[in-house]
Amino acid sequence: MNRQQLGSLVAQRLRTDVQALARSWNESGAIRHVAIDSVLPDATARAIHDAFPPFERMVRNVSLRECKSIAVQMDRYDRLTEEALFAFQQPEVVELVGRITGMPGLEPDPNLYVGGLSAMRKDDFLNLHIDNSHGRNRERWRVLNLLYYVTPDWSADDGGSLELWPQGRSGAPVVIPSLFNRLVIMETHQGSWHSVNPIRRDGKRTCVSNYYFSDTPARDTDRFHVTFFRGRPEQPLRDVALLADGLARMAIRKVFRQGIRENPHVYKR
């Protein structure tokens with residue numbers, strides 16, 4: 001299937017419950033979000049999962065911040081994975097997401113700046129963080145994450161759940177399991193701390209990630225910031241290290257607007 005066909009199926013699913021999804025979004029708290037199940041036919045979602053590249057063909061990121069594998073240069077991989085990614089950038093899908101979230105002027109990112117595919121294996125994790133506030137050239141605000149999970153037979157007990165931390169690391173998270181064929185839409189702003197808890201089972205937890213941008217931020221109080229990581233509540237020493245890391249990277253970006261090196265996480269056609 002191509003991106004237009006897949007996008008039409010996604011739009012059909014969103015359109016069915018658009019009013020209920022909008023209510024859920026508006027009632028979801030300080031980090032607005034909504035989880036949508038059965039986004040595509042199960043056989044199609046399973047085919048997308050099966051088309052994911054093996055770990056050895058993905059880029060491995062390992063640090064105090066995160067452990068995961070990513071893929072963004074989509075012409076190197078199975079065509080279906082690229083079509084699935086860009087299905088969520090089809091105009092009718094973007095329009096419906098705008099209706100659900102009430103956010104104006106949403107624009108998907110064809111360059112997949114920090115988007116693309118991600119896969120996690122046992123013990124992989126993503127620590128608490130807020131996403132970078134802007135796109136590649138600091139021209140538009142990053143306002144939405146669209147995370148589509150395609151691992152069959154995945155449960156909350158397997159780990160890899162998205163955690164939203166409305167009070168930061170001092171409060172309890174809202175836990176959203178990364179269930180098969182589930183799309184999570186969440187807003188990103190200076191207070192949208194989130195994480196992925198450690199994977200607890202063998203196998204591959206797979207996610208198709210898109211980010212939407214806008215000329216206006218999600219909140220009027222938002223200011224420019226880099227992706228900023230913190231430790232989990234039970235990680236005080238890691239928190240000190242990650243706090244210092246984030247402050248250093250912010251200081252660099254105040255001097256060098258575009259950073260000191262080009263971000264490699266971009267789809268170069």
# chains A, B, ... in the order shown; residues from 1 in each chain; ligands from 1
call {"tool": "residues_around", "arguments": {"residues": "segment 134-139 of chain A", "least_positions_apart": "6", "cutoff": "12 Å", "atoms": "only C-alpha atoms", "output": "compact mmCIF listing (two decimals) with N, CA and C atoms, in the first residue's frame"}}
result
# COMPACT_ATOMS: atom_id res chain seq x y z
N GLU A 107 1.84 21.69 10.50
CA GLU A 107 2.62 21.30 9.33
C GLU A 107 3.46 20.07 9.67
N PRO A 108 3.33 18.99 8.91
CA PRO A 108 4.21 17.85 9.12
C PRO A 108 5.61 18.15 8.59
N ASP A 109 6.54 17.25 8.86
CA ASP A 109 7.94 17.50 8.50
C ASP A 109 8.44 16.46 7.51
N PRO A 110 8.49 16.80 6.22
CA PRO A 110 8.96 15.84 5.22
C PRO A 110 10.43 15.46 5.37
N ASN A 111 11.21 16.28 6.10
CA ASN A 111 12.62 15.97 6.34
C ASN A 111 12.83 15.03 7.52
N LEU A 112 11.75 14.71 8.23
CA LEU A 112 11.80 13.78 9.36
C LEU A 112 12.86 14.18 10.39
N TYR A 113 12.96 15.48 10.67
CA TYR A 113 13.90 15.96 11.68
C TYR A 113 13.58 15.32 13.02
N VAL A 114 14.45 14.45 13.49
CA VAL A 114 14.33 13.61 14.67
C VAL A 114 13.09 12.70 14.66
N GLY A 115 12.46 12.55 13.50
CA GLY A 115 11.38 11.59 13.36
C GLY A 115 11.90 10.31 12.75
N THR A 188 3.77 19.04 22.69
CA THR A 188 5.11 19.29 23.21
C THR A 188 5.25 20.77 23.52
N HIS A 189 5.74 21.05 24.73
CA HIS A 189 6.00 22.42 25.18
C HIS A 189 7.01 22.34 26.31
N GLN A 190 7.29 23.44 26.96
CA GLN A 190 8.34 23.45 27.97
C GLN A 190 8.00 22.64 29.21
N TYR A 211 6.46 14.27 13.73
CA TYR A 211 6.33 15.49 14.54
C TYR A 211 5.72 16.58 13.68
N TYR A 212 4.76 17.29 14.26
CA TYR A 212 4.11 18.39 13.57
C TYR A 212 4.64 19.71 14.13
N PHE A 213 4.72 20.69 13.26
CA PHE A 213 5.24 22.00 13.61
C PHE A 213 4.19 23.08 13.34
N SER A 214 4.43 24.27 13.87
CA SER A 214 3.50 25.38 13.69
C SER A 214 4.26 26.69 13.82
N ASP A 215 3.69 27.75 13.29
CA ASP A 215 4.29 29.08 13.46
C ASP A 215 4.10 29.61 14.87
N THR A 216 3.20 29.00 15.63
CA THR A 216 2.95 29.44 17.01
C THR A 216 3.19 28.28 17.97
N PRO A 217 3.70 28.56 19.17
CA PRO A 217 3.98 27.48 20.13
C PRO A 217 2.70 26.92 20.74
N ALA A 218 2.85 25.77 21.39
CA ALA A 218 1.69 25.16 22.05
C ALA A 218 1.21 26.03 23.21
N ASP A 222 6.04 29.51 26.09
CA ASP A 222 7.17 28.70 25.62
C ASP A 222 8.31 29.57 25.10
N ARG A 223 9.52 29.11 25.34
CA ARG A 223 10.73 29.76 24.85
C ARG A 223 11.63 28.70 24.21
N PHE A 224 12.60 29.14 23.43
CA PHE A 224 13.50 28.19 22.78
C PHE A 224 14.22 27.31 23.81
N HIS A 225 14.33 26.01 23.51
CA HIS A 225 15.13 25.11 24.32
C HIS A 225 15.55 23.91 23.49
N VAL A 226 16.68 23.33 23.86
CA VAL A 226 17.13 22.09 23.24
C VAL A 226 16.38 20.93 23.89
N THR A 227 16.52 19.74 23.32
CA THR A 227 16.03 18.55 24.00
C THR A 227 16.79 18.42 25.32
N ARG A 253 24.01 26.64 22.31
CA ARG A 253 23.04 27.13 21.33
C ARG A 253 22.78 28.63 21.46
N ARG A 257 23.72 29.58 17.01
CA ARG A 257 22.28 29.42 16.83
C ARG A 257 21.91 28.07 16.25
N GLN A 258 22.68 27.57 15.29
CA GLN A 258 22.38 26.30 14.65
C GLN A 258 23.17 25.14 15.27
N GLY A 259 23.85 25.38 16.39
CA GLY A 259 24.67 24.35 16.99
C GLY A 259 26.05 24.33 16.36
N ARG A 261 27.44 21.47 15.11
CA ARG A 261 27.49 20.45 14.06
C ARG A 261 26.09 20.24 13.53
N GLU A 262 26.00 19.76 12.31
CA GLU A 262 24.71 19.49 11.69
C GLU A 262 24.10 18.25 12.32
N ASN A 263 22.83 18.34 12.68
CA ASN A 263 22.13 17.19 13.23
C ASN A 263 21.99 16.13 12.14
N PRO A 264 22.53 14.91 12.34
CA PRO A 264 22.46 13.88 11.31
C PRO A 264 21.09 13.23 11.17
N HIS A 265 20.19 13.53 12.12
CA HIS A 265 18.89 12.86 12.13
C HIS A 265 17.91 13.60 11.21
N VAL A 266 18.21 13.55 9.92
CA VAL A 266 17.39 14.20 8.90
C VAL A 266 17.37 13.30 7.67
N TYR A 267 16.22 13.20 7.03
CA TYR A 267 16.10 12.39 5.82
C TYR A 267 16.71 13.19 4.66
call {"tool": "residues_around", "arguments": {"residues": "Asp124 of chain A", "least_positions_apart": "2", "cutoff": "8 Å", "atoms": "only C-alpha atoms", "output": "PyMOL selection string"}}
result
chain A and resi 66-68+120-122+126+198-199
call {"tool": "closest_residue", "arguments": {"among": "A:Leu162, A:Leu64, A:Leu146, A:Ala119", "to": "Asp245 of chain A", "atoms": "only C-alpha atoms"}}
result
A:Leu64
call {"tool": "closest_atom_pairs", "arguments": {"of": "segment 192-236 of chain A", "to": "segment 69-80 of chain A", "cutoff": "12 Å", "atoms": "only C-alpha atoms", "output": "Markdown table"}}
result
| residue | atom | partner | partner_atom | distance |
| --- | --- | --- | --- | --- |
| A:Lys204 | CA | A:Ser69 | CA | 10.1 |
| A:Arg205 | CA | A:Ser69 | CA | 10.2 |
| A:Thr206 | CA | A:Ser69 | CA | 9.7 |
| A:Cys207 | CA | A:Ile70 | CA | 9.6 |
| A:Val208 | CA | A:Ala71 | CA | 9.9 |
| A:Ser209 | CA | A:Val72 | CA | 10.0 |
| A:Asn210 | CA | A:Val72 | CA | 11.0 |
call {"tool": "write_last_selection", "arguments": {"atoms": "N, CA, C and O atoms", "output": "mmCIF file, in the first residue's frame"}}
result
data_model
loop_
_atom_site.group_PDB
_atom_site.id
_atom_site.type_symbol
_atom_site.label_atom_id
_atom_site.label_comp_id
_atom_site.auth_asym_id
_atom_site.auth_seq_id
_atom_site.Cartn_x
_atom_site.Cartn_y
_atom_site.Cartn_z
ATOM 1 N N LYS A 204 11.361 -6.833 19.959
ATOM 2 C CA LYS A 204 11.587 -5.507 19.378
ATOM 3 C C LYS A 204 10.325 -4.671 19.523
ATOM 4 O O LYS A 204 9.287 -5.000 18.949
ATOM 5 N N ARG A 205 10.413 -3.599 20.290
ATOM 6 C CA ARG A 205 9.297 -2.660 20.436
ATOM 7 C C ARG A 205 9.458 -1.594 19.357
ATOM 8 O O ARG A 205 10.446 -0.862 19.310
ATOM 9 N N THR A 206 8.509 -1.506 18.436
ATOM 10 C CA THR A 206 8.653 -0.692 17.227
ATOM 11 C C THR A 206 7.676 0.481 17.226
ATOM 12 O O THR A 206 6.521 0.357 17.650
ATOM 13 N N CYS A 207 8.162 1.619 16.720
ATOM 14 C CA CYS A 207 7.361 2.838 16.710
ATOM 15 C C CYS A 207 7.648 3.641 15.447
ATOM 16 O O CYS A 207 8.801 3.795 15.055
ATOM 17 N N VAL A 208 6.595 4.158 14.834
ATOM 18 C CA VAL A 208 6.679 5.062 13.682
ATOM 19 C C VAL A 208 6.394 6.468 14.212
ATOM 20 O O VAL A 208 5.306 6.729 14.731
ATOM 21 N N SER A 209 7.376 7.368 14.096
ATOM 22 C CA SER A 209 7.297 8.672 14.768
ATOM 23 C C SER A 209 7.232 9.831 13.777
ATOM 24 O O SER A 209 8.072 9.935 12.882
ATOM 25 N N ASN A 210 6.245 10.689 13.972
ATOM 26 C CA ASN A 210 6.129 11.936 13.217
ATOM 27 C C ASN A 210 5.998 13.100 14.176
ATOM 28 O O ASN A 210 5.465 12.952 15.295
#
call {"tool": "atom_distance", "arguments": {"atom1": "atom CA of Val93 of chain A", "atom2": "atom CA of Asn26 of chain A"}}
result
19.0 Å
call {"tool": "closest_residue", "arguments": {"among": "A:Arg142, A:Arg182, A:Arg249, A:Arg65", "to": "Gly231 of chain A", "atoms": "only C-alpha atoms"}}
result
A:Arg65
call {"tool": "residues_around", "arguments": {"residues": "Pro41 of chain A", "least_positions_apart": "2", "cutoff": "10 Å", "atoms": "only C-alpha atoms", "output": "MDAnalysis selection string"}}
result
chainID A and resid 6 9:10 13 38:39 43:46 181
